[in-house]
Amino acid sequence: MAILVFGETGQVARELAVLPDTLCIGRDAADLRDAASCAAAIRLHKPAAVINAAAYTAVDAAETDEAQATLVNGTAPGAMAQACAALGIPMVQISTDYVFAGHGETPWQPDDATTPLGAYGRSKLAGEMAVRDAGGAHAILRTSWVVSAHGANFVKTMLRLGAERDSLNVVADQIGGPTAAADIAAACHRIALQLIDAPDKTGTYHFSGAPDCSWADFARAIFDEAGLNCAVHDIPSSDYPTPAKRPLNSRMDCGTTHKTFGIERPQWQASLTQILKDLGASK
Ligand SMILES: NC(=O)C1=CN([C@@H]2O[C@H](COP(=O)(O)OP(=O)(O)OC[C@H]3O[C@@H](n4cnc5c(N)ncnc54)[C@H](OP(=O)(O)O)[C@@H]3O)[C@@H](O)[C@H]2O)C=CC1
Ligand SMILES: Cc1cn([C@H]2C[C@H](O)[C@@H](COP(=O)(O)OP(=O)(O)O[C@H]3O[C@@H](C)C(=O)[C@@H](O)[C@H]3O)O2)c(=O)[nH]c1=O
């Protein structure tokens with residue numbers, strides 16, 4: 001029996017597709033704006049576990065499209081979790097650092113209070129609550145700053161801008177852990193397999209790349225690794241206005257993920273090297 005993955009074309013799902021016994025489905029098979037179609041897909045495939053790697057991830061667009069974001073990120077995961085609970089199979093729901101308000105400098109614990117700053121974070125928090133409320137075996141895995149060789153992400157944006165410009169202003173007061181989609185996929189896969197045999201591991205967990213850094217630090221590492229001669233100027237978030245406010249402190253304590261599942265924080269520098277190699281962008 002396979003692990004059913006929602007989000008066929010996404011960064012994380014594309015990495016799950018190359019792992020053993022996964023079956024990835026996309027929008028044509030189940031549209032997350034139609035929660036019933038998601039539950040029906042689970043009943044059709046009768047998988048051993050479900051990983052939901054599909055989401056409305058356009059953080060700024062969500063500010064003026066919150067109803068759609070909530071359908072996709074809140075209602076659909078709830079319907080998936082109910083279908084999983086009815087079949088007695090576990091579900092892994094991927095969530096985000098953007099459920100936190102981002103004050104202070106202490107890494108967030110999984111049970112810390114959640115106070116999202118924007119619509120995307122609120123919609124993802126609604127998904128977390130709906131998955132818990134369904135009452136089945138599950139892991140909510142919060143991650144952050146996802147990058148890969150596929151799709152739209154900060155690494156690809158920096159490679160494009162770094163090739164066009166001599167210098168770039170990048171925010172230096174938002175701190176978090178860049179996380180490769182391949183590392184998240186491997187973690188979700190291991191967690192799903194463990195939950196099948198040990199549903200009592202149900203809970204909320206954190207998983208992000210180490211060490212924590214600012215977006216500006218991360219941009220410098222990308223340019224260095226790619227051999228791009230583009231200077232990075234540190235700026236405060238207030239100098240980079242966006243429709244959605246981002247948390248300043250996205251540090252997440254991943255200790256319980258290690259303790260429960262034996263999964264360590266991945267080193268993002270090594271994953272970045274691999275991504276640039278895959279993109280043919282190494283120096
Ligand atoms: N990207 C990031 O920086 C972060 C992401 N996360 C979380 O990680 C998970 C994976 O994110 P990531 O791989 O980056 O996502 P992507 O943005 O790369 O991909 C999103 C996926 O969701 C699918 N999707 C969106 N809307 C629908 C819909 N209505 N019906 C069916 N499928 C839909 C997209 O399909 P289509 O191509 O058809 O639109 C795509 O496959 C998500 O839960 C996200 O919230 C957490 C922290 C950071
Ligand atoms: C392009 C650019 C961005 N930035 C800043 C803006 C922002 O604060 C930060 C990252 O920009 P992005 O638009 O890539 O990031 P953003 O879309 O906010 O990324 C988020 O996506 C969602 C889905 C998540 O769940 C989060 O964990 C996080 O990864 O970099 C600059 O400072 N200078 C620049 O030239």
# chains A, B, ... in the order shown; residues from 1 in each chain; ligands from 1
call {"tool": "residues_around", "arguments": {"residues": "Thr115 (chain A)", "least_positions_apart": "6", "cutoff": "12 Å", "atoms": "only C-alpha atoms", "output": "ChimeraX atom specification"}}
result
/A:97-103,108,121-126,246-247
call {"tool": "closest_atom_pairs", "arguments": {"of": "chain A", "to": "ligand 1", "cutoff": "6 Å", "atoms": "only C-alpha atoms and all ligand atoms", "output": "Markdown table"}}
result
| residue | atom | partner | partner_atom_place_in_ligand_line | distance |
| --- | --- | --- | --- | --- |
| A:Gly7 | CA | ligand 1 | 41 (O) | 3.7 |
| A:Glu8 | CA | ligand 1 | 41 (O) | 4.9 |
| A:Thr9 | CA | ligand 1 | 41 (O) | 3.8 |
| A:Gly10 | CA | ligand 1 | 19 (O) | 3.3 |
| A:Gln11 | CA | ligand 1 | 13 (O) | 3.6 |
| A:Val12 | CA | ligand 1 | 13 (O) | 3.9 |
| A:Gly26 | CA | ligand 1 | 32 (N) | 5.6 |
| A:Arg27 | CA | ligand 1 | 31 (C) | 3.8 |
| A:Ala30 | CA | ligand 1 | 31 (C) | 5.9 |
| A:Asp31 | CA | ligand 1 | 30 (N) | 3.6 |
| A:Leu32 | CA | ligand 1 | 30 (N) | 3.9 |
| A:Arg33 | CA | ligand 1 | 29 (N) | 4.8 |
| A:Ala53 | CA | ligand 1 | 10 (C) | 4.5 |
| A:Ala54 | CA | ligand 1 | 22 (O) | 3.3 |
| A:Ala55 | CA | ligand 1 | 22 (O) | 4.2 |
| A:Tyr56 | CA | ligand 1 | 25 (C) | 4.8 |
| A:Thr57 | CA | ligand 1 | 17 (O) | 4.9 |
| A:Val72 | CA | ligand 1 | 29 (N) | 5.7 |
| A:Ile94 | CA | ligand 1 | 43 (O) | 4.5 |
| A:Ser95 | CA | ligand 1 | 46 (C) | 5.1 |
| A:Thr96 | CA | ligand 1 | 46 (C) | 4.0 |
| A:Thr143 | CA | ligand 1 | 47 (C) | 4.7 |
| A:Ser144 | CA | ligand 1 | 47 (C) | 3.8 |
| A:Trp145 | CA | ligand 1 | 3 (O) | 4.0 |
| A:Val146 | CA | ligand 1 | 3 (O) | 3.8 |
| A:Gly151 | CA | ligand 1 | 18 (O) | 5.6 |
call {"tool": "residues_near_ligand", "arguments": {"ligand": "ligand 2", "cutoff": "9 Å", "atoms": "only C-alpha atoms and all ligand atoms", "output": "VMD selection string"}}
result
chain A and resid 55 to 60 95 to 99 120 to 121 124 142 to 147 152 to 155 157 to 158 161 168 to 174 176 to 179 214 to 216 219 234 to 237 239 to 242 244 to 248 250
call {"tool": "closest_residue", "arguments": {"among": "A:Ala187, A:Leu193, A:Cys230, A:Ile89", "to": "Glu15 (chain A)", "atoms": "only C-alpha atoms"}}
result
A:Ala187
call {"tool": "select_by_dssp", "arguments": {"residues": "region 15-133 of chain A", "states": "alpha helix (DSSP H)", "output": "JSON, numbers by chain"}}
result
{"A": [15, 16, 35, 36, 37, 38, 39, 40, 41, 42, 43, 44, 45, 66, 67, 68, 69, 70, 76, 77, 78, 79, 80, 81, 82, 83, 84, 85, 86, 87, 119, 120, 121, 122, 123, 124, 125, 126, 127, 128, 129, 130, 131, 132, 133]}
call {"tool": "write_last_selection", "arguments": {"atoms": "N, CA and C atoms", "output": "short mmCIF file (atom, residue, chain, number, x, y, z; two decimals), in the first residue's frame"}}
result
data_model
loop_
_atom_site.label_atom_id
_atom_site.label_comp_id
_atom_site.auth_asym_id
_atom_site.auth_seq_id
_atom_site.Cartn_x
_atom_site.Cartn_y
_atom_site.Cartn_z
N GLU A 15 9.79 16.10 -4.47
CA GLU A 15 10.85 15.33 -3.80
C GLU A 15 10.28 14.06 -3.17
N LEU A 16 9.00 14.10 -2.77
CA LEU A 16 8.37 12.89 -2.24
C LEU A 16 8.18 11.86 -3.35
N ALA A 35 -13.24 20.30 -0.89
CA ALA A 35 -12.76 19.40 0.17
C ALA A 35 -13.26 17.97 -0.03
N ALA A 36 -14.50 17.84 -0.54
CA ALA A 36 -15.06 16.50 -0.71
C ALA A 36 -14.24 15.69 -1.71
N SER A 37 -13.66 16.36 -2.72
CA SER A 37 -12.87 15.62 -3.71
C SER A 37 -11.58 15.07 -3.08
N CYS A 38 -11.09 15.74 -2.06
CA CYS A 38 -9.87 15.26 -1.37
C CYS A 38 -10.18 14.02 -0.55
N ALA A 39 -11.31 14.07 0.16
CA ALA A 39 -11.71 12.91 0.96
C ALA A 39 -12.00 11.73 0.03
N ALA A 40 -12.63 12.01 -1.11
CA ALA A 40 -12.97 10.93 -2.06
C ALA A 40 -11.70 10.28 -2.59
N ALA A 41 -10.66 11.09 -2.87
CA ALA A 41 -9.40 10.54 -3.39
C ALA A 41 -8.78 9.59 -2.37
N ILE A 42 -8.88 9.93 -1.10
CA ILE A 42 -8.31 9.06 -0.05
C ILE A 42 -9.10 7.74 0.01
N ARG A 43 -10.43 7.86 -0.06
CA ARG A 43 -11.24 6.63 -0.01
C ARG A 43 -10.99 5.76 -1.24
N LEU A 44 -10.73 6.40 -2.38
CA LEU A 44 -10.49 5.66 -3.62
C LEU A 44 -9.18 4.87 -3.55
N HIS A 45 -8.12 5.53 -3.09
CA HIS A 45 -6.79 4.89 -3.12
C HIS A 45 -6.51 4.01 -1.90
N GLU A 66 -8.29 35.71 1.12
CA GLU A 66 -8.22 34.85 2.31
C GLU A 66 -9.23 33.71 2.26
N ALA A 67 -10.38 33.94 1.64
CA ALA A 67 -11.40 32.89 1.60
C ALA A 67 -10.87 31.67 0.84
N GLN A 68 -10.22 31.92 -0.31
CA GLN A 68 -9.66 30.80 -1.10
C GLN A 68 -8.52 30.13 -0.33
N ALA A 69 -7.66 30.95 0.25
CA ALA A 69 -6.53 30.39 1.01
C ALA A 69 -7.04 29.51 2.15
N THR A 70 -8.14 29.93 2.77
CA THR A 70 -8.68 29.16 3.90
C THR A 70 -9.33 27.86 3.44
N ALA A 76 -9.76 21.94 3.37
CA ALA A 76 -9.37 20.69 2.69
C ALA A 76 -8.55 19.77 3.60
N PRO A 77 -7.53 20.27 4.31
CA PRO A 77 -6.80 19.36 5.21
C PRO A 77 -7.71 18.75 6.27
N GLY A 78 -8.72 19.49 6.72
CA GLY A 78 -9.67 18.94 7.69
C GLY A 78 -10.43 17.76 7.11
N ALA A 79 -10.89 17.91 5.86
CA ALA A 79 -11.62 16.81 5.21
C ALA A 79 -10.71 15.61 4.98
N MET A 80 -9.44 15.89 4.61
CA MET A 80 -8.48 14.78 4.44
C MET A 80 -8.30 14.04 5.76
N ALA A 81 -8.15 14.80 6.84
CA ALA A 81 -7.90 14.18 8.15
C ALA A 81 -9.11 13.36 8.61
N GLN A 82 -10.31 13.84 8.29
CA GLN A 82 -11.50 13.06 8.67
C GLN A 82 -11.56 11.76 7.90
N ALA A 83 -11.22 11.82 6.60
CA ALA A 83 -11.22 10.59 5.79
C ALA A 83 -10.16 9.63 6.30
N CYS A 84 -8.99 10.16 6.67
CA CYS A 84 -7.92 9.30 7.22
C CYS A 84 -8.36 8.66 8.53
N ALA A 85 -8.98 9.46 9.39
CA ALA A 85 -9.42 8.94 10.69
C ALA A 85 -10.44 7.81 10.48
N ALA A 86 -11.34 8.00 9.52
CA ALA A 86 -12.36 6.98 9.27
C ALA A 86 -11.74 5.68 8.77
N LEU A 87 -10.64 5.78 8.02
CA LEU A 87 -9.95 4.58 7.51
C LEU A 87 -8.92 4.04 8.50
N ALA A 119 -2.87 36.55 6.52
CA ALA A 119 -3.92 35.63 6.07
C ALA A 119 -3.38 34.22 5.79
N TYR A 120 -2.19 34.14 5.17
CA TYR A 120 -1.61 32.82 4.90
C TYR A 120 -1.41 32.06 6.22
N GLY A 121 -0.80 32.71 7.20
CA GLY A 121 -0.57 32.07 8.50
C GLY A 121 -1.87 31.67 9.16
N ARG A 122 -2.88 32.53 9.07
CA ARG A 122 -4.19 32.19 9.67
C ARG A 122 -4.79 30.96 8.99
N SER A 123 -4.66 30.91 7.65
CA SER A 123 -5.26 29.78 6.91
C SER A 123 -4.52 28.48 7.25
N LYS A 124 -3.20 28.55 7.42
CA LYS A 124 -2.44 27.34 7.77
C LYS A 124 -2.77 26.90 9.20
N LEU A 125 -2.98 27.88 10.08
CA LEU A 125 -3.36 27.55 11.46
C LEU A 125 -4.73 26.88 11.48
N ALA A 126 -5.64 27.34 10.63
CA ALA A 126 -6.96 26.70 10.53
C ALA A 126 -6.80 25.24 10.11
N GLY A 127 -5.85 24.98 9.21
CA GLY A 127 -5.58 23.60 8.79
C GLY A 127 -5.05 22.75 9.94
N GLU A 128 -4.15 23.32 10.73
CA GLU A 128 -3.62 22.58 11.89
C GLU A 128 -4.77 22.17 12.82
N MET A 129 -5.66 23.14 13.10
CA MET A 129 -6.73 22.88 14.07
C MET A 129 -7.70 21.83 13.53
N ALA A 130 -7.98 21.93 12.21
CA ALA A 130 -8.93 20.98 11.60
C ALA A 130 -8.36 19.56 11.61
N VAL A 131 -7.05 19.44 11.38
CA VAL A 131 -6.43 18.11 11.38
C VAL A 131 -6.48 17.52 12.80
N ARG A 132 -6.17 18.35 13.80
CA ARG A 132 -6.24 17.86 15.20
C ARG A 132 -7.66 17.45 15.56
N ASP A 133 -8.63 18.30 15.16
CA ASP A 133 -10.03 18.06 15.54
C ASP A 133 -10.58 16.76 14.95
#
call {"tool": "atom_distance", "arguments": {"atom1": "CA of Leu4 (chain A)", "atom2": "CA of Ala198 (chain A)"}}
result
18.4 Å
call {"tool": "closest_residue", "arguments": {"among": "A:Tyr205, A:Arg165, A:Arg251, A:Gly227", "to": "Cys188 (chain A)", "atoms": "only C-alpha atoms"}}
result
A:Tyr205
